[in-house]
>>> print(open('protein.cif').read())   # mmCIF, C-alpha atoms
data_final
loop_
_atom_site.label_atom_id
_atom_site.label_comp_id
_atom_site.auth_asym_id
_atom_site.auth_seq_id
_atom_site.Cartn_x
_atom_site.Cartn_y
_atom_site.Cartn_z
CA LEU A 154 49.29 -30.39 -95.15
CA PRO A 155 52.73 -30.09 -96.74
CA ALA A 156 55.46 -32.07 -94.99
CA GLN A 157 58.09 -29.94 -93.26
CA PRO A 158 61.79 -30.66 -93.85
CA THR A 159 62.95 -29.58 -90.39
CA ARG A 160 61.86 -30.01 -86.79
CA PHE A 161 59.58 -27.35 -85.32
CA ILE A 162 61.25 -25.51 -82.44
CA GLY A 163 59.68 -23.61 -79.55
CA ARG A 164 56.43 -21.62 -79.72
CA ALA A 165 54.68 -23.82 -77.13
CA ALA A 166 52.82 -20.85 -75.64
CA GLN A 167 51.67 -19.58 -79.04
CA LEU A 168 50.53 -23.05 -80.14
CA GLY A 169 48.53 -23.43 -76.95
CA SER A 170 46.87 -20.05 -77.43
CA ILE A 171 45.95 -20.73 -81.07
CA GLU A 172 44.49 -24.12 -80.19
CA ALA A 173 42.51 -22.59 -77.34
CA LEU A 174 41.06 -20.01 -79.72
CA LEU A 175 40.05 -22.57 -82.34
CA ASP A 176 38.52 -24.79 -79.67
CA ARG A 177 35.97 -22.09 -78.93
CA GLU A 178 32.63 -22.45 -80.72
CA ASP A 179 32.39 -18.70 -81.26
CA VAL A 180 35.82 -18.43 -82.95
CA ARG A 181 36.04 -19.52 -86.57
CA LEU A 182 38.63 -17.16 -88.06
CA VAL A 183 42.08 -16.63 -86.54
CA THR A 184 44.56 -14.34 -88.30
CA LEU A 185 48.23 -14.85 -87.47
CA GLN A 186 49.55 -11.35 -88.06
CA GLY A 187 53.13 -10.10 -88.27
CA PRO A 188 55.86 -8.87 -90.62
CA GLY A 189 57.66 -11.16 -93.01
CA GLY A 190 60.08 -13.63 -91.47
CA THR A 191 58.34 -14.06 -88.13
CA GLY A 192 57.39 -17.66 -88.86
CA LYS A 193 53.64 -17.24 -89.39
CA THR A 194 53.40 -19.97 -92.01
CA ARG A 195 55.32 -22.57 -90.04
CA LEU A 196 53.36 -21.75 -86.90
CA SER A 197 50.05 -22.15 -88.74
CA LEU A 198 51.11 -25.53 -90.14
CA GLN A 199 52.23 -26.79 -86.75
CA ALA A 200 49.00 -25.64 -85.12
CA ALA A 201 46.99 -27.41 -87.82
CA GLN A 202 49.03 -30.59 -87.47
CA GLU A 203 48.47 -30.69 -83.72
CA MET A 204 44.71 -30.14 -84.13
CA LEU A 205 44.04 -32.62 -86.94
CA GLU A 206 42.01 -34.99 -84.78
CA LYS A 207 39.50 -32.19 -84.12
CA PHE A 208 38.81 -31.81 -87.86
CA PRO A 209 37.64 -35.19 -89.19
CA ASP A 210 37.40 -33.81 -92.72
CA GLY A 211 41.01 -32.70 -92.63
CA ALA A 212 43.11 -29.58 -92.91
CA THR A 213 44.00 -27.94 -96.21
CA PHE A 214 46.87 -25.54 -96.83
CA VAL A 215 46.21 -22.86 -99.48
CA PRO A 216 49.34 -20.88 -100.52
CA LEU A 217 48.43 -17.42 -101.81
CA ALA A 218 51.76 -15.63 -102.22
CA ASP A 219 51.38 -15.51 -106.02
CA ASP A 220 47.69 -14.57 -106.14
CA THR A 221 46.53 -10.99 -106.43
CA ASP A 222 42.77 -10.97 -107.10
CA SER A 223 39.56 -12.58 -105.95
CA ASP A 224 39.24 -14.94 -108.92
CA GLN A 225 42.72 -16.33 -108.32
CA PHE A 226 41.92 -16.79 -104.65
CA VAL A 227 38.75 -18.78 -105.29
CA ALA A 228 40.49 -20.85 -107.96
CA GLN A 229 43.37 -21.65 -105.60
CA VAL A 230 41.02 -22.77 -102.83
CA ALA A 231 39.05 -24.91 -105.28
CA GLN A 232 42.21 -26.51 -106.64
CA ARG A 233 43.47 -27.42 -103.17
CA LEU A 234 40.09 -28.93 -102.29
CA ASN A 235 39.82 -30.74 -105.65
CA VAL A 236 36.56 -28.91 -106.43
CA ARG A 237 35.58 -28.42 -110.07
CA GLN A 238 33.37 -25.69 -111.47
CA GLY A 239 30.60 -27.87 -112.90
CA GLY A 240 28.77 -25.24 -114.99
CA ARG A 241 28.16 -22.68 -112.26
CA PRO A 242 30.22 -20.09 -110.36
CA LEU A 243 33.26 -21.73 -108.81
CA GLN A 244 32.71 -20.09 -105.43
CA GLU A 245 29.28 -21.72 -105.18
CA SER A 246 30.81 -25.11 -105.87
CA VAL A 247 33.40 -24.54 -103.14
CA GLN A 248 30.74 -23.45 -100.67
CA ASP A 249 28.56 -26.46 -101.44
CA TYR A 250 31.55 -28.77 -100.99
CA LEU A 251 32.40 -27.26 -97.60
CA TYR A 252 28.81 -27.00 -96.37
CA ASP A 253 28.76 -30.11 -94.18
CA LYS A 254 32.52 -30.45 -93.64
CA ARG A 255 34.23 -30.16 -90.26
CA ALA A 256 37.48 -28.94 -91.72
CA LEU A 257 40.30 -26.44 -91.25
CA LEU A 258 41.61 -24.16 -93.99
CA ILE A 259 44.95 -22.36 -93.81
CA LEU A 260 45.06 -19.31 -96.08
CA ASP A 261 48.74 -18.39 -96.27
CA ASN A 262 50.10 -14.95 -97.27
CA PHE A 263 46.75 -13.22 -97.57
CA GLU A 264 48.06 -9.64 -97.33
CA GLN A 265 47.89 -8.89 -101.06
CA LEU A 266 44.32 -10.20 -101.25
CA THR A 267 42.60 -7.84 -98.80
CA LEU A 268 39.90 -7.05 -101.37
CA ALA A 269 39.00 -10.75 -101.35
CA ALA A 270 38.38 -10.73 -97.58
CA PRO A 271 34.57 -10.70 -98.02
CA ILE A 272 34.85 -14.05 -99.81
CA VAL A 273 36.39 -15.52 -96.67
CA ALA A 274 33.36 -14.31 -94.73
CA GLU A 275 31.05 -15.87 -97.34
CA LEU A 276 32.85 -19.21 -97.13
CA LEU A 277 32.48 -19.24 -93.35
CA ALA A 278 28.81 -18.29 -93.58
CA ALA A 279 28.13 -21.09 -96.07
CA ALA A 280 30.08 -23.75 -94.13
CA PRO A 281 29.17 -23.54 -90.43
CA LYS A 282 31.61 -26.25 -89.29
CA VAL A 283 34.67 -24.92 -91.13
CA LYS A 284 37.34 -22.90 -89.35
CA ILE A 285 40.10 -20.84 -90.97
CA ILE A 286 43.62 -19.81 -90.02
CA VAL A 287 44.94 -16.89 -92.04
CA THR A 288 48.55 -15.73 -92.13
CA SER A 289 48.91 -12.10 -93.15
CA ARG A 290 50.88 -8.94 -92.55
CA THR A 291 47.57 -7.10 -92.17
CA ALA A 292 44.20 -7.86 -90.63
CA LEU A 293 41.27 -8.91 -92.81
CA LYS A 294 38.97 -6.60 -90.80
CA LEU A 295 36.10 -9.07 -90.82
CA GLN A 296 33.47 -9.44 -88.13
CA GLY A 297 34.43 -12.29 -85.83
CA GLU A 298 38.11 -12.23 -86.83
CA ARG A 299 40.50 -12.93 -83.98
CA LEU A 300 43.92 -11.34 -84.45
CA PHE A 301 46.91 -13.23 -83.10
CA PRO A 302 50.13 -11.16 -83.33
CA VAL A 303 53.06 -13.53 -83.91
CA PRO A 304 56.05 -12.45 -81.82
CA PRO A 305 59.71 -13.12 -82.62
CA LEU A 306 61.40 -16.07 -80.92
CA ASN A 307 62.47 -15.34 -77.37
CA LEU A 308 66.14 -14.51 -76.92
CA PRO A 309 68.55 -13.41 -74.19
CA GLU A 310 68.82 -9.71 -73.50
CA ALA A 311 72.23 -8.06 -73.71
CA GLN A 312 72.34 -7.48 -69.97
CA ASP A 313 71.42 -11.07 -69.10
CA GLN A 314 74.15 -13.20 -67.60
CA VAL A 315 73.18 -16.60 -68.97
CA ALA A 316 75.16 -19.79 -68.50
CA VAL A 317 76.06 -21.59 -71.70
CA ASP A 318 74.04 -24.62 -70.63
CA SER A 319 70.94 -22.43 -70.30
CA LEU A 320 71.21 -20.60 -73.63
CA MET A 321 69.48 -23.44 -75.49
CA ASP A 322 66.37 -22.66 -73.44
CA TYR A 323 65.97 -19.55 -75.62
CA GLU A 324 64.08 -20.34 -78.82
CA ALA A 325 66.21 -18.10 -81.05
CA VAL A 326 69.48 -19.69 -79.88
CA HIS A 327 68.02 -23.18 -80.14
CA LEU A 328 66.89 -22.56 -83.72
CA PHE A 329 70.23 -21.05 -84.75
CA VAL A 330 72.26 -23.93 -83.30
CA GLU A 331 70.05 -26.66 -84.77
CA ARG A 332 70.06 -25.12 -88.25
CA ALA A 333 73.83 -24.59 -88.09
CA GLN A 334 74.29 -28.25 -87.17
CA ALA A 335 72.32 -29.21 -90.28
CA VAL A 336 75.07 -27.55 -92.36
CA GLN A 337 78.02 -28.50 -90.14
CA PRO A 338 77.23 -31.51 -87.93
CA SER A 339 80.24 -30.90 -85.67
CA PHE A 340 79.00 -27.41 -84.73
CA SER A 341 78.07 -26.94 -81.08
CA LEU A 342 77.28 -24.18 -78.64
CA ASN A 343 80.19 -23.67 -76.27
CA GLN A 344 81.91 -21.12 -74.05
CA ALA A 345 83.95 -19.76 -76.95
CA ASN A 346 81.06 -19.00 -79.33
CA SER A 347 78.08 -18.49 -77.02
CA ALA A 348 78.44 -14.71 -76.74
CA ALA A 349 78.67 -14.33 -80.53
CA ILE A 350 75.65 -16.55 -81.14
CA ALA A 351 73.58 -14.66 -78.59
CA GLU A 352 74.58 -11.37 -80.23
CA ILE A 353 73.63 -12.67 -83.69
CA CYS A 354 70.21 -13.65 -82.33
CA ARG A 355 69.74 -10.18 -80.83
CA ARG A 356 70.83 -8.35 -83.99
CA LEU A 357 68.38 -10.42 -86.02
CA ASP A 358 65.59 -9.60 -83.53
CA GLY A 359 64.78 -13.27 -83.05
CA LEU A 360 63.23 -13.54 -86.53
CA PRO A 361 63.17 -17.23 -87.58
CA LEU A 362 63.82 -16.66 -91.29
CA ALA A 363 66.79 -14.38 -90.63
CA LEU A 364 68.20 -16.82 -88.09
CA GLU A 365 67.94 -19.75 -90.50
CA LEU A 366 69.72 -17.79 -93.24
CA ALA A 367 72.46 -16.68 -90.85
CA ALA A 368 72.94 -20.18 -89.47
CA ALA A 369 73.40 -21.61 -92.97
#
>>> encode(input="protein.cif", output="structure tokens")
Amino acid sequence: LPAQPTRFIGRAAQLGSIEALLDREDVRLVTLQGPGGTGKTRLSLQAAQEMLEKFPDGATFVPLADDTDSDQFVAQVAQRLNVRQGGRPLQESVQDYLYDKRALLILDNFEQLTLAAPIVAELLAAAPKVKIIVTSRTALKLQGERLFPVPPLNLPEAQDQVAVDSLMDYEAVHLFVERAQAVQPSFSLNQANSAAIAEICRRLDGLPLALELAAA
């Protein structure tokens, strides 16, 4: 799994739900679904990190943002698993490699590869102990797929009267403040700026990517 440069904030409920799904024997494919900027990738990585001990053969992150067809998808998976073709179709080599593995795959940014969805089903069928987390703006529409809509970070409503000391309990505010402090260490949430920060979080709909850009 790629190392993350910043601390993961919030999402305890979502992490618990994803782990509970993957703990079930009948669930092998979980799709984290949502628009861009909701934090699907980071959530998938954190979930995988927290579940590593349950996958003795490891977790592998497969970035797919630049891939647009089935051949590229299979090649990317093979590359991340260090599987070589060996004189036969590459997908067969990947399936043979995964056959007896108790492993977790993260297929990130799958939305432009919907035509390759049947290959995901074939990988799962060939490797009965493998589980997969997919991040995508759209569902794969495969049998057995469990959709997990990724919500924005929670944030105070405009009508809420929230004390400054309690604002950091909201994930969106916490993320904004921590990322702002990375740029300006002396920055802090206080009585003078709390209303403005809460309004920024509301206007950005609690979207992690937008909040990080605004904070910087």
>>> closest_residue(input="protein.cif", among="A:Val283, A:Ala218, A:Ala270, A:Leu366", to="A:Glu178", atoms="only C-alpha atoms")
A:Val283
>>> residues_around(input="protein.cif", residues="A:Gly359", least_positions_apart="6", cutoff="9 Å", atoms="only C-alpha atoms", output="list in words")
Thr191, Pro304, Pro305, Leu306, Asn307, Leu308, Glu324, Ala325, Val326 and Ile353 of chain A
>>> closest_residue(input="protein.cif", among="A:Asp253, A:Asp358, A:Val215, A:Val236", to="A:Glu310", atoms="all atoms listed in the file")
A:Asp358
>>> resolve_selection(input="protein.cif", expression="the PyMOL selection byres ((chain A and resi 259) around 12)", output="PyMOL selection string")
chain A and resi 154-155+181-185+193-202+211-217+229-230+233-234+256-258+260-263+273+283-289
>>> write_last_selection(input="protein.cif", atoms="C-alpha atoms", output="mmCIF file, in the frame of the given file")
data_model
loop_
_atom_site.group_PDB
_atom_site.id
_atom_site.type_symbol
_atom_site.label_atom_id
_atom_site.label_comp_id
_atom_site.auth_asym_id
_atom_site.auth_seq_id
_atom_site.Cartn_x
_atom_site.Cartn_y
_atom_site.Cartn_z
ATOM 1 C CA LEU A 154 49.290 -30.390 -95.150
ATOM 2 C CA PRO A 155 52.730 -30.090 -96.740
ATOM 3 C CA ARG A 181 36.040 -19.520 -86.570
ATOM 4 C CA LEU A 182 38.630 -17.160 -88.060
ATOM 5 C CA VAL A 183 42.080 -16.630 -86.540
ATOM 6 C CA THR A 184 44.560 -14.340 -88.300
ATOM 7 C CA LEU A 185 48.230 -14.850 -87.470
ATOM 8 C CA LYS A 193 53.640 -17.240 -89.390
ATOM 9 C CA THR A 194 53.400 -19.970 -92.010
ATOM 10 C CA ARG A 195 55.320 -22.570 -90.040
ATOM 11 C CA LEU A 196 53.360 -21.750 -86.900
ATOM 12 C CA SER A 197 50.050 -22.150 -88.740
ATOM 13 C CA LEU A 198 51.110 -25.530 -90.140
ATOM 14 C CA GLN A 199 52.230 -26.790 -86.750
ATOM 15 C CA ALA A 200 49.000 -25.640 -85.120
ATOM 16 C CA ALA A 201 46.990 -27.410 -87.820
ATOM 17 C CA GLN A 202 49.030 -30.590 -87.470
ATOM 18 C CA GLY A 211 41.010 -32.700 -92.630
ATOM 19 C CA ALA A 212 43.110 -29.580 -92.910
ATOM 20 C CA THR A 213 44.000 -27.940 -96.210
ATOM 21 C CA PHE A 214 46.870 -25.540 -96.830
ATOM 22 C CA VAL A 215 46.210 -22.860 -99.480
ATOM 23 C CA PRO A 216 49.340 -20.880 -100.520
ATOM 24 C CA LEU A 217 48.430 -17.420 -101.810
ATOM 25 C CA GLN A 229 43.370 -21.650 -105.600
ATOM 26 C CA VAL A 230 41.020 -22.770 -102.830
ATOM 27 C CA ARG A 233 43.470 -27.420 -103.170
ATOM 28 C CA LEU A 234 40.090 -28.930 -102.290
ATOM 29 C CA ALA A 256 37.480 -28.940 -91.720
ATOM 30 C CA LEU A 257 40.300 -26.440 -91.250
ATOM 31 C CA LEU A 258 41.610 -24.160 -93.990
ATOM 32 C CA LEU A 260 45.060 -19.310 -96.080
ATOM 33 C CA ASP A 261 48.740 -18.390 -96.270
ATOM 34 C CA ASN A 262 50.100 -14.950 -97.270
ATOM 35 C CA PHE A 263 46.750 -13.220 -97.570
ATOM 36 C CA VAL A 273 36.390 -15.520 -96.670
ATOM 37 C CA VAL A 283 34.670 -24.920 -91.130
ATOM 38 C CA LYS A 284 37.340 -22.900 -89.350
ATOM 39 C CA ILE A 285 40.100 -20.840 -90.970
ATOM 40 C CA ILE A 286 43.620 -19.810 -90.020
ATOM 41 C CA VAL A 287 44.940 -16.890 -92.040
ATOM 42 C CA THR A 288 48.550 -15.730 -92.130
ATOM 43 C CA SER A 289 48.910 -12.100 -93.150
#
>>> resolve_selection(input="protein.cif", expression="the PyMOL selection byres ((chain A and resi 158-174) around 7)", output="list in words")
Ala156, Gln157, Leu175, Asp176, Arg177, Val180, Ala200, Glu324 and Leu328 of chain A
>>> residues_around(input="protein.cif", residues="A:Thr221", least_positions_apart="4", cutoff="8 Å", atoms="only C-alpha atoms", output="list in words")
Gln225, Phe226, Gln265 and Leu266 of chain A
>>> resolve_selection(input="protein.cif", expression="the PyMOL selection byres ((chain A and resi 330-338) around 9)", output="list in words")
Thr159, Met321, Ala325, Val326, His327, Leu328, Phe329, Ser339, Phe340, Ser341, Leu342, Ile350, Leu364, Glu365, Leu366, Ala367, Ala368 and Ala369 of chain A
>>> atom_distance(input="protein.cif", atom1="atom CA of A:Leu251", atom2="atom CA of A:Leu276")
8.1 Å
>>> axis_aligned_box(input="protein.cif", around="stretch 161-174 of chain A", padding_each_side="8 Å", output="AutoDock Vina command-line options")
--center_x 51.2 --center_y -23.5 --center_z -80.5 --size_x 36.2 --size_y 23.8 --size_z 25.7
>>> atom_distance(input="protein.cif", atom1="atom CA of A:Asp222", atom2="atom CA of A:Phe208")
28.6 Å
>>> atom_distance(input="protein.cif", atom1="atom CA of A:Leu268", atom2="atom CA of A:Leu362")
27.7 Å
